[in-house]
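Listing of model_15.cif; format and content: mmCIF, C-alpha atoms (C1' of nucleotides).
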```cif
data_data
#
loop_
_atom_site.label_atom_id
_atom_site.label_comp_id
_atom_site.auth_asym_id
_atom_site.auth_seq_id
_atom_site.Cartn_x
_atom_site.Cartn_y
_atom_site.Cartn_z
CA MET A 1 102.16 84.28 106.26
CA SER A 2 103.42 86.39 109.12
CA LEU A 3 102.76 89.87 107.85
CA SER A 4 99.27 89.51 109.24
CA HIS A 5 100.65 88.55 112.63
CA ALA A 6 103.24 91.27 112.59
CA LEU A 7 100.35 93.70 112.14
CA LEU A 8 98.34 92.07 114.91
CA THR A 9 101.39 92.43 117.14
CA ALA A 10 101.76 96.08 116.26
CA LEU A 11 98.10 96.68 117.01
CA ALA A 12 98.35 94.70 120.23
CA GLU A 13 101.05 97.09 121.34
CA CYS A 14 98.98 100.13 120.41
CA PRO A 15 95.95 100.93 118.20
CA SER A 16 96.92 103.04 115.23
CA THR A 17 95.98 104.38 111.84
CA GLY A 18 97.31 102.74 108.73
CA ALA A 19 99.85 105.45 108.16
CA GLU A 20 101.10 105.20 111.74
CA LEU A 21 101.58 101.49 111.22
CA VAL A 22 103.57 102.22 108.12
CA ARG A 23 105.84 104.49 110.15
CA ARG A 24 106.18 101.99 112.96
CA PHE A 25 107.16 99.35 110.44
CA ASP A 26 109.84 101.65 109.16
CA ARG A 27 111.10 102.26 112.67
CA SER A 28 110.86 99.08 114.67
CA ILE A 29 108.79 96.02 113.80
CA GLY A 30 109.86 96.32 110.21
CA TYR A 31 113.48 95.73 111.18
CA PHE A 32 112.55 92.05 111.31
CA TRP A 33 109.53 91.96 109.07
CA PRO A 34 109.67 94.78 106.54
CA ALA A 35 106.52 95.79 104.71
CA THR A 36 105.54 98.54 102.33
CA HIS A 37 102.47 100.70 102.81
CA GLN A 38 100.80 98.72 100.04
CA GLN A 39 101.18 95.44 101.83
CA ILE A 40 100.05 97.00 105.08
CA TYR A 41 96.85 98.53 103.74
CA ARG A 42 95.99 95.39 101.83
CA GLU A 43 96.57 93.24 104.84
CA LEU A 44 94.58 95.52 107.15
CA GLY A 45 91.61 94.98 104.85
CA THR A 46 92.05 91.22 105.09
CA LEU A 47 92.42 91.33 108.86
CA GLU A 48 89.24 93.33 109.18
CA ALA A 49 87.40 90.88 106.93
CA SER A 50 88.61 88.05 109.19
CA GLY A 51 87.18 89.79 112.23
CA TRP A 52 90.57 90.16 113.95
CA VAL A 53 90.70 93.90 113.68
CA GLU A 54 88.23 96.73 113.64
CA SER A 55 88.45 100.14 112.04
CA SER A 56 86.54 103.34 112.66
CA ASP A 57 84.85 105.19 109.83
CA PRO A 58 86.54 108.55 109.59
CA GLY A 59 84.38 111.35 110.95
CA PRO A 60 84.34 114.79 109.37
CA GLY A 61 87.51 116.75 109.90
CA GLN A 62 89.84 113.77 109.80
CA GLY A 63 90.06 113.14 106.07
CA ARG A 64 90.11 109.48 105.12
CA THR A 65 92.09 108.44 108.16
CA ARG A 66 90.87 105.18 109.72
CA PHE A 67 91.82 104.02 113.18
CA TYR A 68 92.47 100.33 113.62
CA ARG A 69 92.34 98.38 116.83
CA LEU A 70 92.79 94.73 117.76
CA LEU A 71 89.65 92.71 118.52
CA PRO A 72 89.62 89.93 121.12
CA ALA A 73 89.48 87.33 118.34
CA GLY A 74 92.64 88.87 116.88
CA ARG A 75 94.41 88.75 120.23
CA GLU A 76 93.39 85.11 120.56
CA GLU A 77 94.66 84.34 117.08
CA LEU A 78 97.95 86.00 117.86
CA ARG A 79 98.40 84.01 121.04
CA ARG A 80 97.64 80.83 119.14
CA TRP A 81 100.06 81.69 116.33
CA VAL A 82 102.93 82.35 118.72
CA GLY A 83 103.13 78.64 119.50
CA GLN A 84 102.68 77.61 115.89
CA ILE A 85 105.31 79.47 113.93
CA GLY A 86 107.00 77.48 111.22
CA ASP A 87 110.59 76.47 110.73
CA PRO A 88 113.22 79.15 110.21
CA ARG A 89 113.47 80.45 106.66
CA PRO A 90 116.59 79.49 104.78
CA ILE A 91 119.13 82.22 104.22
CA ARG A 92 118.95 83.95 100.85
CA GLU A 93 122.02 86.09 100.59
CA GLU A 94 123.20 87.53 97.32
CA MET A 95 126.64 88.22 98.75
CA MET A 96 127.25 84.55 99.45
CA VAL A 97 126.42 83.67 95.86
CA ALA A 98 128.76 86.42 94.70
CA LEU A 99 131.62 85.09 96.84
CA ARG A 100 131.20 81.71 95.29
CA ALA A 101 130.93 83.20 91.83
CA ALA A 102 134.15 85.10 92.52
CA ALA A 103 135.82 81.83 93.45
CA ALA A 104 134.70 80.42 90.09
CA VAL A 105 135.23 83.29 87.63
CA GLY A 106 137.55 85.67 89.46
CA PRO A 107 137.00 88.59 91.84
CA GLY A 108 136.13 91.38 89.36
CA ASP A 109 134.81 94.37 91.31
CA LEU A 110 133.71 92.28 94.23
CA ALA A 111 135.79 94.25 96.71
CA LEU A 112 133.82 97.38 95.88
CA ALA A 113 130.50 95.67 96.44
CA LEU A 114 131.82 94.19 99.66
CA SER A 115 132.77 97.53 101.07
CA ARG A 116 129.30 98.87 100.28
CA HIS A 117 127.83 95.94 102.18
CA LEU A 118 130.24 96.46 105.03
CA GLU A 119 129.16 100.07 105.26
CA ARG A 120 125.44 99.19 105.31
CA HIS A 121 125.90 96.58 108.01
CA ARG A 122 127.98 98.93 110.12
CA GLU A 123 125.30 101.59 109.87
CA LYS A 124 122.54 99.23 110.90
CA CYS A 125 124.62 97.87 113.71
CA ASP A 126 125.34 101.34 115.05
CA HIS A 127 121.73 102.30 114.68
CA TYR A 128 120.56 99.32 116.70
CA ARG A 129 123.17 99.94 119.36
CA ALA A 130 121.97 103.52 119.69
CA ILE A 131 118.42 102.31 120.24
CA GLU A 132 119.71 99.82 122.78
CA ALA A 133 121.59 102.50 124.71
CA ARG A 134 118.52 104.71 124.69
CA ASP A 135 115.76 102.22 125.49
CA PHE A 136 117.38 99.36 127.32
CA ALA A 137 119.97 100.93 129.59
CA ASP A 138 118.36 99.60 132.75
CA PRO A 139 119.69 96.07 133.37
CA ASP A 140 116.76 95.11 135.57
CA MET A 141 113.63 94.63 133.52
CA PRO A 142 110.43 92.60 133.56
CA ARG A 143 110.12 89.66 131.23
CA GLU A 144 108.33 91.49 128.44
CA ARG A 145 111.04 94.13 128.27
CA ARG A 146 113.72 91.46 128.28
CA LEU A 147 112.05 89.80 125.30
CA GLN A 148 111.96 93.07 123.42
CA HIS A 149 115.59 93.65 124.30
CA LEU A 150 116.50 90.21 123.04
CA VAL A 151 114.94 90.94 119.67
CA LEU A 152 117.09 94.01 119.39
CA LYS A 153 120.20 92.13 120.50
CA ALA A 154 119.52 89.55 117.82
CA GLY A 155 119.52 92.32 115.27
CA ILE A 156 122.80 93.67 116.59
CA ALA A 157 124.44 90.26 116.56
CA TYR A 158 123.17 89.64 113.06
CA GLU A 159 124.60 92.84 111.67
CA ALA A 160 127.85 92.52 113.59
CA GLN A 161 128.31 89.09 112.15
CA TRP A 162 127.96 90.29 108.58
CA VAL A 163 130.41 93.05 109.34
CA ALA A 164 132.93 90.42 110.36
CA ILE A 165 132.24 88.31 107.27
CA CYS A 166 132.66 91.27 104.94
CA GLU A 167 135.92 92.22 106.62
CA GLU A 168 137.27 88.73 106.30
CA ALA A 169 136.22 88.54 102.66
CA LEU A 170 137.97 91.82 101.93
CA GLY A 171 141.04 90.45 103.64
CA ILE A 172 141.07 87.40 101.40
CA LEU A 173 140.64 89.51 98.28
CA GLU A 174 143.51 91.80 99.24
CA SER A 175 145.93 89.00 99.99
CA MET B 176 117.26 88.71 90.68
CA SER B 177 120.10 86.45 91.71
CA LEU B 178 118.67 83.04 90.99
CA SER B 179 119.94 83.46 87.45
CA HIS B 180 123.41 84.24 88.73
CA ALA B 181 123.36 81.44 91.24
CA LEU B 182 122.69 79.13 88.32
CA LEU B 183 125.45 80.71 86.25
CA THR B 184 127.78 80.17 89.19
CA ALA B 185 126.77 76.54 89.48
CA LEU B 186 127.36 76.03 85.77
CA ALA B 187 130.67 77.86 85.96
CA GLU B 188 131.77 75.34 88.56
CA CYS B 189 130.62 72.42 86.44
CA PRO B 190 128.28 71.79 83.46
CA SER B 191 125.24 69.78 84.48
CA THR B 192 121.77 68.61 83.64
CA GLY B 193 118.77 70.35 85.14
CA ALA B 194 118.19 67.58 87.61
CA GLU B 195 121.82 67.64 88.72
CA LEU B 196 121.50 71.35 89.34
CA VAL B 197 118.44 70.69 91.43
CA ARG B 198 120.46 68.27 93.55
CA ARG B 199 123.39 70.65 93.86
CA PHE B 200 121.03 73.34 95.02
CA ASP B 201 119.76 71.00 97.68
CA ARG B 202 123.29 70.19 98.77
CA SER B 203 125.41 73.30 98.53
CA ILE B 204 124.59 76.45 96.60
CA GLY B 205 121.03 76.28 97.81
CA TYR B 206 122.19 76.70 101.41
CA PHE B 207 122.45 80.38 100.58
CA TRP B 208 120.07 80.68 97.67
CA PRO B 209 117.43 77.97 97.81
CA ALA B 210 115.43 77.16 94.70
CA THR B 211 112.90 74.55 93.70
CA HIS B 212 113.17 72.45 90.56
CA GLN B 213 110.44 74.61 89.05
CA GLN B 214 112.37 77.79 89.48
CA ILE B 215 115.50 76.16 88.18
CA TYR B 216 114.00 74.75 85.00
CA ARG B 217 112.17 77.96 84.29
CA GLU B 218 115.28 80.00 84.82
CA LEU B 219 117.42 77.71 82.68
CA GLY B 220 115.03 78.42 79.84
CA THR B 221 115.44 82.15 80.36
CA LEU B 222 119.22 81.87 80.58
CA GLU B 223 119.33 79.95 77.34
CA ALA B 224 117.11 82.55 75.65
CA SER B 225 119.53 85.25 76.85
CA GLY B 226 122.43 83.41 75.26
CA TRP B 227 124.27 82.89 78.56
CA VAL B 228 123.85 79.15 78.60
CA GLU B 229 123.60 76.41 76.05
CA SER B 230 121.85 73.05 76.23
CA SER B 231 122.25 69.88 74.21
CA ASP B 232 119.26 68.19 72.60
CA PRO B 233 118.90 64.78 74.21
CA GLY B 234 120.02 61.94 71.95
CA PRO B 235 118.24 58.57 71.89
CA GLY B 236 118.72 56.53 75.03
CA GLN B 237 118.90 59.48 77.39
CA GLY B 238 115.25 60.33 77.78
CA ARG B 239 114.51 64.01 77.98
CA THR B 240 117.73 64.84 79.80
CA ARG B 241 119.38 68.05 78.60
CA PHE B 242 122.94 69.05 79.44
CA TYR B 243 123.57 72.68 80.18
CA ARG B 244 126.85 74.51 79.98
CA LEU B 245 127.95 78.10 80.49
CA LEU B 246 128.68 80.18 77.39
CA PRO B 247 131.41 82.85 77.34
CA ALA B 248 128.72 85.56 77.38
CA GLY B 249 127.34 83.99 80.55
CA ARG B 250 130.74 83.93 82.19
CA GLU B 251 131.18 87.57 81.27
CA GLU B 252 127.79 88.47 82.71
CA LEU B 253 128.62 86.66 85.91
CA ARG B 254 131.89 88.52 86.28
CA ARG B 255 130.08 91.79 85.69
CA TRP B 256 127.35 90.97 88.22
CA VAL B 257 129.82 90.12 90.96
CA GLY B 258 130.74 93.79 91.25
CA GLN B 259 127.15 94.97 90.98
CA ILE B 260 125.25 93.10 93.63
CA GLY B 261 122.68 95.12 95.50
CA ASP B 262 122.36 96.01 99.16
CA PRO B 263 121.83 93.26 101.71
CA ARG B 264 118.23 92.12 102.05
CA PRO B 265 116.54 93.02 105.28
CA ILE B 266 115.98 90.23 107.77
CA ARG B 267 112.54 88.64 107.68
CA GLU B 268 112.34 86.39 110.67
CA GLU B 269 109.08 85.00 111.94
CA MET B 270 110.63 84.14 115.29
CA MET B 271 111.48 87.75 116.00
CA VAL B 272 107.89 88.77 115.36
CA ALA B 273 106.73 85.99 117.64
CA LEU B 274 109.03 87.12 120.45
CA ARG B 275 107.58 90.56 120.24
CA ALA B 276 104.07 89.20 120.05
CA ALA B 277 104.81 87.16 123.17
CA ALA B 278 105.90 90.32 124.92
CA ALA B 279 102.57 91.88 123.98
CA VAL B 280 100.03 89.07 124.53
CA GLY B 281 101.87 86.53 126.67
CA PRO B 282 104.14 83.59 125.91
CA GLY B 283 101.52 80.91 125.07
CA ASP B 284 103.32 77.91 123.56
CA LEU B 285 106.26 79.95 122.40
CA ALA B 286 108.76 77.83 124.31
CA LEU B 287 107.74 74.80 122.28
CA ALA B 288 108.21 76.61 119.00
CA LEU B 289 111.53 77.94 120.24
CA SER B 290 112.87 74.51 121.01
CA ARG B 291 111.90 73.34 117.55
CA HIS B 292 113.82 76.25 116.10
CA LEU B 293 116.75 75.56 118.36
CA GLU B 294 116.84 71.99 117.17
CA ARG B 295 116.75 72.97 113.48
CA HIS B 296 119.54 75.49 113.90
CA ARG B 297 121.66 73.00 115.82
CA GLU B 298 121.21 70.44 113.07
CA LYS B 299 122.20 72.86 110.35
CA CYS B 300 125.15 74.06 112.35
CA ASP B 301 126.40 70.52 112.91
CA HIS B 302 125.83 69.70 109.27
CA TYR B 303 127.91 72.66 108.10
CA ARG B 304 130.65 71.85 110.59
CA ALA B 305 130.80 68.31 109.26
CA ILE B 306 131.24 69.63 105.74
CA GLU B 307 133.93 71.98 106.99
CA ALA B 308 135.82 69.17 108.69
CA ARG B 309 135.60 67.06 105.56
CA ASP B 310 136.37 69.62 102.85
CA PHE B 311 138.37 72.36 104.50
CA ALA B 312 140.68 70.65 106.94
CA ASP B 313 143.82 71.91 105.24
CA PRO B 314 144.61 75.37 106.66
CA ASP B 315 146.72 76.37 103.68
CA MET B 316 144.60 77.00 100.65
CA PRO B 317 144.58 79.13 97.51
CA ARG B 318 142.33 82.16 97.39
CA GLU B 319 139.41 80.49 95.65
CA ARG B 320 139.25 77.77 98.29
CA ARG B 321 139.46 80.34 101.04
CA LEU B 322 136.47 82.16 99.56
CA GLN B 323 134.48 78.95 99.45
CA HIS B 324 135.49 78.23 103.02
CA LEU B 325 134.39 81.69 104.08
CA VAL B 326 130.94 81.11 102.65
CA LEU B 327 130.63 77.97 104.72
CA LYS B 328 131.94 79.72 107.83
CA ALA B 329 129.32 82.41 107.34
CA GLY B 330 126.66 79.72 107.36
CA ILE B 331 128.09 78.22 110.54
CA ALA B 332 128.24 81.58 112.29
CA TYR B 333 124.71 82.36 111.19
CA GLU B 334 123.29 79.15 112.56
CA ALA B 335 125.34 79.29 115.74
CA GLN B 336 124.04 82.75 116.37
CA TRP B 337 120.42 81.69 116.15
CA VAL B 338 121.19 78.81 118.47
CA ALA B 339 122.40 81.32 121.02
CA ILE B 340 119.35 83.55 120.54
CA CYS B 341 116.95 80.65 120.96
CA GLU B 342 118.72 79.54 124.11
CA GLU B 343 118.58 83.00 125.60
CA ALA B 344 114.90 83.34 124.69
CA LEU B 345 114.13 80.02 126.37
CA GLY B 346 116.02 81.23 129.43
CA ILE B 347 113.89 84.34 129.64
CA LEU B 348 110.68 82.36 129.27
CA GLU B 349 111.68 79.92 132.02
CA SER B 350 112.62 82.62 134.50
"C1'" DA C 351 87.84 132.01 97.72
"C1'" DC C 352 91.39 129.84 95.15
"C1'" DC C 353 95.26 127.16 94.54
"C1'" DC C 354 98.70 124.13 95.83
"C1'" DC C 355 100.75 120.84 98.60
"C1'" DC C 356 100.78 117.04 101.58
"C1'" DA C 357 99.32 113.02 104.22
"C1'" DA C 358 96.47 109.00 103.97
"C1'" DT C 359 94.46 105.59 101.38
"C1'" DG C 360 94.09 102.85 97.54
"C1'" DC C 361 94.29 100.42 92.53
"C1'" DA C 362 96.64 97.72 89.09
"C1'" DA C 363 100.31 95.55 86.95
"C1'" DC C 364 104.16 93.06 87.64
"C1'" DA C 365 107.96 89.98 89.56
"C1'" DA C 366 109.37 86.20 92.36
"C1'" DG C 367 108.60 82.11 94.73
"C1'" DT C 368 105.49 77.92 95.88
"C1'" DT C 369 102.55 73.97 95.14
"C1'" DG C 370 100.21 70.43 92.95
"C1'" DC C 371 99.97 67.90 89.28
"C1'" DA C 372 101.06 66.18 84.31
"C1'" DT C 373 103.92 64.13 80.83
"C1'" DC C 374 107.56 61.55 78.70
"C1'" DA C 375 111.12 58.10 78.29
"C1'" DA C 376 113.88 54.22 80.40
"C1'" DG C 377 114.37 50.33 82.82
"C1'" DC C 378 112.59 46.73 85.76
"C1'" DT C 379 109.38 42.96 86.85
"C1'" DA C 380 106.28 39.57 85.97
"C1'" DT D 381 105.03 42.44 76.14
"C1'" DA D 382 102.17 44.54 79.48
"C1'" DG D 383 102.29 46.92 83.50
"C1'" DC D 384 104.87 49.46 87.24
"C1'" DT D 385 108.33 52.50 88.96
"C1'" DT D 386 111.58 56.12 88.72
"C1'" DG D 387 113.97 60.20 87.03
"C1'" DA D 388 113.72 64.30 84.29
"C1'" DT D 389 111.15 67.88 82.55
"C1'" DG D 390 107.44 70.92 82.44
"C1'" DC D 391 102.51 73.51 82.87
"C1'" DA D 392 99.28 76.28 85.48
"C1'" DA D 393 97.39 78.33 89.41
"C1'" DC D 394 98.30 80.58 93.45
"C1'" DT D 395 100.59 83.50 97.15
"C1'" DT D 396 103.62 87.00 98.47
"C1'" DG D 397 106.07 91.02 97.74
"C1'" DT D 398 107.25 95.26 94.64
"C1'" DT D 399 106.56 99.36 91.86
"C1'" DG D 400 104.37 103.14 89.93
"C1'" DC D 401 100.74 105.82 89.96
"C1'" DA D 402 95.83 107.65 91.29
"C1'" DT D 403 92.45 109.64 94.41
"C1'" DT D 404 90.69 112.08 98.34
"C1'" DG D 405 90.32 115.56 101.78
"C1'" DG D 406 92.42 118.97 104.96
"C1'" DG D 407 95.23 122.96 105.78
"C1'" DG D 408 98.30 126.77 104.57
"C1'" DG D 409 99.57 130.60 101.70
"C1'" DT D 410 98.00 134.44 98.85
#
```

The structure given in the file should be rewritten as structure tokens.
Amino acid sequence: MSLSHALLTALAECPSTGAELVRRFDRSIGYFWPATHQQIYRELGTLEASGWVESSDPGPGQGRTRFYRLLPAGREELRRWVGQIGDPRPIREEMMVALRAAAAVGPGDLALALSRHLERHREKCDHYRAIEARDFADPDMPRERRLQHLVLKAGIAYEAQWVAICEEALGILES
Amino acid sequence: MSLSHALLTALAECPSTGAELVRRFDRSIGYFWPATHQQIYRELGTLEASGWVESSDPGPGQGRTRFYRLLPAGREELRRWVGQIGDPRPIREEMMVALRAAAAVGPGDLALALSRHLERHREKCDHYRAIEARDFADPDMPRERRLQHLVLKAGIAYEAQWVAICEEALGILES
DNA sequence: ACCCCCAATGCAACAAGTTGCATCAAGCTA
DNA sequence: TAGCTTGATGCAACTTGTTGCATTGGGGGT
């Protein structure tokens, strides 16, 4: 289960409230490990029960907002986990099933669905590239920045690749 | 839910028993939509209840083995679904979280985990390429074969890309 | 002061996927 | 023929992720 460790990572980068974590998952970490606010709040409870994370009781004037921060045990756990991650997950891609289905029962409206996919992948790709241009313009960076940059580049390559696949599929359907 | 449609696709390609479907999922369709025998048997029951699939009662001398085949309604449903597939699923990649965690709390044994990943991706890549060389050597194929080939090429590109990412990550860690 | 809205947190039910084990029938071996 | 193995099917419990809605408290408008 890596949601827990994605949260530990987020908190290692910066202590936050639950809602801030939700936003950060929408913006950055969640690009590679998406999570809803439900999952996040649930998991924060578990992490606190495990003693990896600590939260402050909200004082008066700050509603129900709790601040979470990483405990040393959590940092230790995270470091341990980094060397222990499991094998890569298999792909699970609806589009690939649909291509094969189209080969078996005919194309139907597949081209339409493909262009929607193409559009989504293009958007994501552009989005990532914009972040890259903004945050990683400097070619000379310390190791930690280079790792972060690599993660982003992986996302770009991933999306660009699906763009190419969709285009080729559309080409085959048109021919 | 595309497991149902992956099964319809498999049955459109060729009627089978449950166990045969399990094997085909291990060999080919499952490369892009993995499923356990449990999921498959359960789903076959649902498909039959929906009237998309039909199964024969096992006669004497063939144990409990049931043969499944696609019904016209199932073929119709599959054709409909092909134009209706949803947006691409977001990536969910443990390794990306780990890279970011390593940037935050230090590399630990990440290099070890990375080389394991690298090895897995290389294996899969080689495996797919072998299938390609065996089944898609002929450059001149009808549309349905070209679609099938594209699916395989997508798998190759996907794996090759992770190979490159792992190599680059290892490079950064060594530097 | 009252009301309304909003952000933050949370519950509960559900859907999908995973794991471990159980059963049933055939065929093999002794 | 009794026991063992193997292949096919299936049940039940569990984990993970999703969806829809509920509660709580602060702050702004009137």

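If you look at atom CA of B:Ala339 and atom CA of A:Met1, they are 25.2 Å away from each other.
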
Selection result of the PyMOL selection byres ((chain A and resi 98-108) around 7) on this file, as a PyMOL selection string
(chain A and resi 94-97+109-110) or (chain B and resi 184+187-188+254+257-258+319+322-323)

Chain C residues within 10 Å of chain A, counting all atoms listed in the file: which ones, as a ChimeraX atom specification?
/C:357-360

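Ranking B:Leu246, B:Trp256, B:Leu196, B:Val228 by their shortest atom-to-atom distance to chain D, with only C-alpha atoms (C1' of nucleotides) included, puts B:Leu196 first.
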
Rounded to one decimal in Å, what is the spacing between atom CA of A:Ala169 and atom CA of A:Leu112?
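Computing it gives 11.4 Å between the two atoms.
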
Restrict the output to stretch 385-403 of chain D and N, CA and C atoms (P, O5', C5', C4', C3', O3' and C1' of nucleotides), then write it as a short mmCIF file (atom, residue, chain, number, x, y, z; two decimals), in the first residue's frame.
```cif
data_model
loop_
_atom_site.label_atom_id
_atom_site.label_comp_id
_atom_site.auth_asym_id
_atom_site.auth_seq_id
_atom_site.Cartn_x
_atom_site.Cartn_y
_atom_site.Cartn_z
P DT D 385 0.10 -36.73 -3.79
"O5'" DT D 385 -0.34 -36.28 -5.24
"C5'" DT D 385 0.04 -37.11 -6.36
"C4'" DT D 385 -0.52 -36.51 -7.63
"C3'" DT D 385 -0.45 -34.98 -7.70
"O3'" DT D 385 0.07 -34.61 -8.97
"C1'" DT D 385 -2.65 -35.70 -8.12
P DT D 386 0.52 -33.07 -9.32
"O5'" DT D 386 -0.44 -32.65 -10.52
"C5'" DT D 386 -1.01 -33.65 -11.37
"C4'" DT D 386 -2.24 -33.06 -12.04
"C3'" DT D 386 -2.26 -31.53 -12.11
"O3'" DT D 386 -2.51 -31.15 -13.45
"C1'" DT D 386 -4.30 -32.33 -11.23
P DG D 387 -2.54 -29.60 -13.92
"O5'" DG D 387 -4.07 -29.41 -14.29
"C5'" DG D 387 -4.69 -30.36 -15.16
"C4'" DG D 387 -6.15 -30.00 -15.28
"C3'" DG D 387 -6.41 -28.52 -15.54
"O3'" DG D 387 -7.47 -28.41 -16.46
"C1'" DG D 387 -7.46 -29.17 -13.52
P DA D 388 -7.98 -27.02 -17.02
"O5'" DA D 388 -9.29 -26.77 -16.15
"C5'" DA D 388 -10.41 -27.62 -16.36
"C4'" DA D 388 -11.51 -27.23 -15.41
"C3'" DA D 388 -11.89 -25.75 -15.44
"O3'" DA D 388 -13.25 -25.65 -15.85
"C1'" DA D 388 -11.65 -26.56 -13.20
P DT D 389 -13.96 -24.24 -15.93
"O5'" DT D 389 -14.51 -24.09 -14.45
"C5'" DT D 389 -15.46 -25.03 -13.96
"C4'" DT D 389 -15.76 -24.77 -12.50
"C3'" DT D 389 -16.30 -23.38 -12.19
"O3'" DT D 389 -17.68 -23.51 -11.86
"C1'" DT D 389 -14.75 -24.14 -10.56
P DG D 390 -18.59 -22.26 -11.57
"O5'" DG D 390 -18.25 -21.90 -10.06
"C5'" DG D 390 -18.62 -22.83 -9.05
"C4'" DG D 390 -18.03 -22.39 -7.74
"C3'" DG D 390 -18.38 -20.97 -7.29
"O3'" DG D 390 -19.41 -21.06 -6.32
"C1'" DG D 390 -16.16 -21.62 -6.73
P DC D 391 -20.12 -19.79 -5.71
"O5'" DC D 391 -19.61 -19.74 -4.20
"C5'" DC D 391 -19.48 -20.94 -3.45
"C4'" DC D 391 -18.83 -20.65 -2.10
"C3'" DC D 391 -19.28 -19.34 -1.46
"O3'" DC D 391 -19.55 -19.58 -0.10
"C1'" DC D 391 -16.92 -19.35 -1.69
P DA D 392 -20.20 -18.44 0.82
"O5'" DA D 392 -18.93 -17.75 1.48
"C5'" DA D 392 -17.90 -18.58 2.02
"C4'" DA D 392 -16.90 -17.72 2.74
"C3'" DA D 392 -17.45 -16.41 3.28
"O3'" DA D 392 -16.83 -16.16 4.52
"C1'" DA D 392 -15.74 -15.92 1.75
P DA D 393 -17.23 -14.92 5.42
"O5'" DA D 393 -15.81 -14.18 5.60
"C5'" DA D 393 -14.65 -14.99 5.75
"C4'" DA D 393 -13.43 -14.11 5.55
"C3'" DA D 393 -13.58 -12.71 6.15
"O3'" DA D 393 -12.39 -12.36 6.82
"C1'" DA D 393 -13.03 -12.56 3.86
P DC D 394 -12.27 -10.98 7.61
"O5'" DC D 394 -11.30 -10.14 6.66
"C5'" DC D 394 -10.09 -10.74 6.19
"C4'" DC D 394 -9.50 -9.88 5.09
"C3'" DC D 394 -9.46 -8.39 5.42
"O3'" DC D 394 -8.11 -7.97 5.44
"C1'" DC D 394 -10.24 -8.80 3.20
P DT D 395 -7.80 -6.43 5.96
"O5'" DT D 395 -7.40 -5.73 4.59
"C5'" DT D 395 -6.51 -6.40 3.71
"C4'" DT D 395 -6.37 -5.60 2.43
"C3'" DT D 395 -6.22 -4.09 2.68
"O3'" DT D 395 -5.13 -3.66 1.86
"C1'" DT D 395 -8.02 -4.51 1.19
P DT D 396 -4.59 -2.15 1.92
"O5'" DT D 396 -5.29 -1.49 0.66
"C5'" DT D 396 -5.12 -2.08 -0.63
"C4'" DT D 396 -6.00 -1.36 -1.62
"C3'" DT D 396 -5.96 0.17 -1.51
"O3'" DT D 396 -5.53 0.65 -2.76
"C1'" DT D 396 -8.20 -0.62 -1.65
P DG D 397 -5.37 2.22 -3.06
"O5'" DG D 397 -6.79 2.59 -3.68
"C5'" DG D 397 -7.18 1.97 -4.89
"C4'" DG D 397 -8.59 2.40 -5.24
"C3'" DG D 397 -8.81 3.91 -5.27
"O3'" DG D 397 -9.45 4.22 -6.50
"C1'" DG D 397 -10.46 2.88 -3.96
P DT D 398 -10.01 5.72 -6.81
"O5'" DT D 398 -11.57 5.58 -6.47
"C5'" DT D 398 -12.32 4.57 -7.10
"C4'" DT D 398 -13.81 4.86 -6.98
"C3'" DT D 398 -14.19 6.32 -7.17
"O3'" DT D 398 -15.30 6.31 -8.06
"C1'" DT D 398 -15.00 5.54 -5.09
P DT D 399 -15.93 7.71 -8.60
"O5'" DT D 399 -17.20 7.90 -7.66
"C5'" DT D 399 -17.93 6.75 -7.26
"C4'" DT D 399 -19.16 7.18 -6.47
"C3'" DT D 399 -19.54 8.65 -6.61
"O3'" DT D 399 -20.94 8.72 -6.80
"C1'" DT D 399 -19.24 8.10 -4.34
P DG D 400 -21.64 10.14 -7.15
"O5'" DG D 400 -22.62 10.33 -5.92
"C5'" DG D 400 -23.07 9.18 -5.20
"C4'" DG D 400 -23.66 9.62 -3.88
"C3'" DG D 400 -24.09 11.08 -3.83
"O3'" DG D 400 -25.33 11.15 -3.16
"C1'" DG D 400 -22.59 10.64 -2.07
P DC D 401 -26.09 12.55 -2.98
"O5'" DC D 401 -25.96 12.82 -1.41
"C5'" DC D 401 -26.31 11.76 -0.50
"C4'" DC D 401 -25.64 12.00 0.82
"C3'" DC D 401 -26.03 13.31 1.49
"O3'" DC D 401 -26.67 13.01 2.70
"C1'" DC D 401 -23.72 12.90 1.66
P DA D 402 -27.32 14.13 3.61
"O5'" DA D 402 -26.36 14.19 4.87
"C5'" DA D 402 -26.08 13.00 5.61
"C4'" DA D 402 -25.15 13.36 6.75
"C3'" DA D 402 -25.56 14.62 7.50
"O3'" DA D 402 -25.42 14.37 8.88
"C1'" DA D 402 -23.35 14.85 6.69
P DT D 403 -25.98 15.36 9.96
"O5'" DT D 403 -24.68 16.06 10.56
"C5'" DT D 403 -23.70 15.24 11.19
"C4'" DT D 403 -22.47 16.08 11.39
"C3'" DT D 403 -22.69 17.37 12.19
"O3'" DT D 403 -21.85 17.31 13.32
"C1'" DT D 403 -21.38 17.76 10.26
#
```
